[in-house]
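Written below as structure tokens is the structure these notes are about.
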Amino acid sequence: GIQVEQSPPDLILQEGANSTLRCNFSDSVNNLQWFHQNPWGQLINLFYIPSGTKQNGRLSATTVATERYSLLYISSSQTTDSGVYFCAVEKYSGGGADGLTFGKGTHLIIQP
Amino acid sequence: GAVVSQHPSRVICKSGTSVKIECRSLDFQATTMFWYRQFPKQSLMLMATSNEGSKATYEQGVEKDKFLINHASLTLSTLTVTSAHPEDSSFYICSAPLVMRTDTQYFGPGTRLTVL
């Protein structure tokens, strides 16, 4: 099956710092999503981004599909940004929606 | 829009009992839903695909007789953990794709199962 690798596994930053999270995947994809899992386990949709660049406030993401990687940028970090960030992909199948394959996540801690 | 709910949010049961978890798409229809499992400090793993009006498809290594899935309507899928054992204790999460111009998947809040 498709492989998804995220880096770094852990990241500790001071409030106000910027960060870049990376996601590498091993095959062509229909779908790539970034999520933030809050302390209660809820997955918060950040971006649907199988290709291109998107921005939403302090967060932005870029996926270079031809090189099979995606980056999530967080600027001016706040303590509420702490948590686990997951990248998940749906392998290209040409058919309907398939389940997502998740990376192992990046555990981000923002210190005040 | 695109809200997915799960019930219950938390359940504790005795070993050997069965537990049913519901997943509902509240404001859209979903012919397909997905069930995932997440063990502590680990990532999410796809368990099965729930198909409205037909049998579920299971990922390799997932026992279909233990994890019964029923997709009774376009807004409801249920996962029943039969004869639960302590090793089935986990966080179970469902998702549904909002199939319009994209296949963005929306996730429920999860159900934490503890088997004593």
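Residue numbers start at 1 in each chain; chains themselves are named A, B, ... in the order of the structure tokens; ligands are numbered from 1 in the order shown.
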Taking only C-alpha atoms into account, what are the residues of chain B at most 12 Å from chain A, put as a PyMOL selection string?
chain B and resi 2-6+9-10+30-51+57-60+90-112
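If you measure from each of A:Ser70, A:Thr20, A:Ser75, A:Ser26 to Gln3 of chain A using only C-alpha atoms, the closest one turns out to be A:Ser26.
Counting from atom CA of Cys13 of chain B, the distance to atom CA of Thr114 of chain B is 6.5 Å.
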At a cut-off of 9 Å, using only C-alpha atoms, what residues contact Gly16 of chain A? Leave out same-chain residues fewer than 4 positions from it and give the result as a list in words.
Ser75, Ser76, Ser77, Gln78, Ile110 and Pro112 of chain A
Output all heavy atoms for every residue in that selection, as a PDB file, in the first residue's frame.
```pdb
ATOM      1  N   SER A  75       2.604  29.922  11.039  1.00  0.00           N
ATOM      2  CA  SER A  75       3.343  31.143  11.373  1.00  0.00           C
ATOM      3  C   SER A  75       2.835  31.713  12.688  1.00  0.00           C
ATOM      4  O   SER A  75       1.683  31.477  13.103  1.00  0.00           O
ATOM      5  CB  SER A  75       3.177  32.179  10.251  1.00  0.00           C
ATOM      6  OG  SER A  75       1.819  32.568  10.150  1.00  0.00           O
ATOM      7  N   SER A  76       3.720  32.441  13.359  1.00  0.00           N
ATOM      8  CA  SER A  76       3.370  33.105  14.629  1.00  0.00           C
ATOM      9  C   SER A  76       2.613  32.152  15.551  1.00  0.00           C
ATOM     10  O   SER A  76       1.482  32.410  15.975  1.00  0.00           O
ATOM     11  CB  SER A  76       2.520  34.350  14.350  1.00  0.00           C
ATOM     12  OG  SER A  76       3.197  35.228  13.476  1.00  0.00           O
ATOM     13  N   SER A  77       3.259  31.026  15.876  1.00  0.00           N
ATOM     14  CA  SER A  77       2.616  29.959  16.649  1.00  0.00           C
ATOM     15  C   SER A  77       2.003  30.464  17.952  1.00  0.00           C
ATOM     16  O   SER A  77       2.558  31.337  18.623  1.00  0.00           O
ATOM     17  CB  SER A  77       3.634  28.870  16.975  1.00  0.00           C
ATOM     18  OG  SER A  77       4.163  28.322  15.805  1.00  0.00           O
ATOM     19  N   GLN A  78       0.879  29.874  18.318  1.00  0.00           N
ATOM     20  CA  GLN A  78       0.221  30.148  19.584  1.00  0.00           C
ATOM     21  C   GLN A  78       0.107  28.845  20.369  1.00  0.00           C
ATOM     22  O   GLN A  78       0.146  27.762  19.793  1.00  0.00           O
ATOM     23  CB  GLN A  78      -1.175  30.741  19.320  1.00  0.00           C
ATOM     24  CG  GLN A  78      -1.146  32.028  18.528  1.00  0.00           C
ATOM     25  CD  GLN A  78      -2.522  32.543  18.166  1.00  0.00           C
ATOM     26  OE1 GLN A  78      -3.538  31.923  18.478  1.00  0.00           O
ATOM     27  NE2 GLN A  78      -2.565  33.691  17.505  1.00  0.00           N
ATOM     28  N   ILE A 110       3.819  24.053  21.700  1.00  0.00           N
ATOM     29  CA  ILE A 110       4.150  25.475  21.695  1.00  0.00           C
ATOM     30  C   ILE A 110       4.201  25.949  23.138  1.00  0.00           C
ATOM     31  O   ILE A 110       3.192  25.903  23.852  1.00  0.00           O
ATOM     32  CB  ILE A 110       3.121  26.303  20.897  1.00  0.00           C
ATOM     33  CG1 ILE A 110       2.963  25.759  19.472  1.00  0.00           C
ATOM     34  CG2 ILE A 110       3.520  27.771  20.895  1.00  0.00           C
ATOM     35  CD1 ILE A 110       4.223  25.829  18.647  1.00  0.00           C
ATOM     36  N   PRO A 112       4.723  28.804  26.112  1.00  0.00           N
ATOM     37  CA  PRO A 112       4.483  30.253  26.262  1.00  0.00           C
ATOM     38  C   PRO A 112       5.783  31.006  26.534  1.00  0.00           C
ATOM     39  O   PRO A 112       6.785  30.436  26.913  1.00  0.00           O
ATOM     40  CB  PRO A 112       3.542  30.333  27.460  1.00  0.00           C
ATOM     41  CG  PRO A 112       3.679  29.045  28.169  1.00  0.00           C
ATOM     42  CD  PRO A 112       4.112  28.013  27.173  1.00  0.00           C
TER      43      PRO A 112
END
```
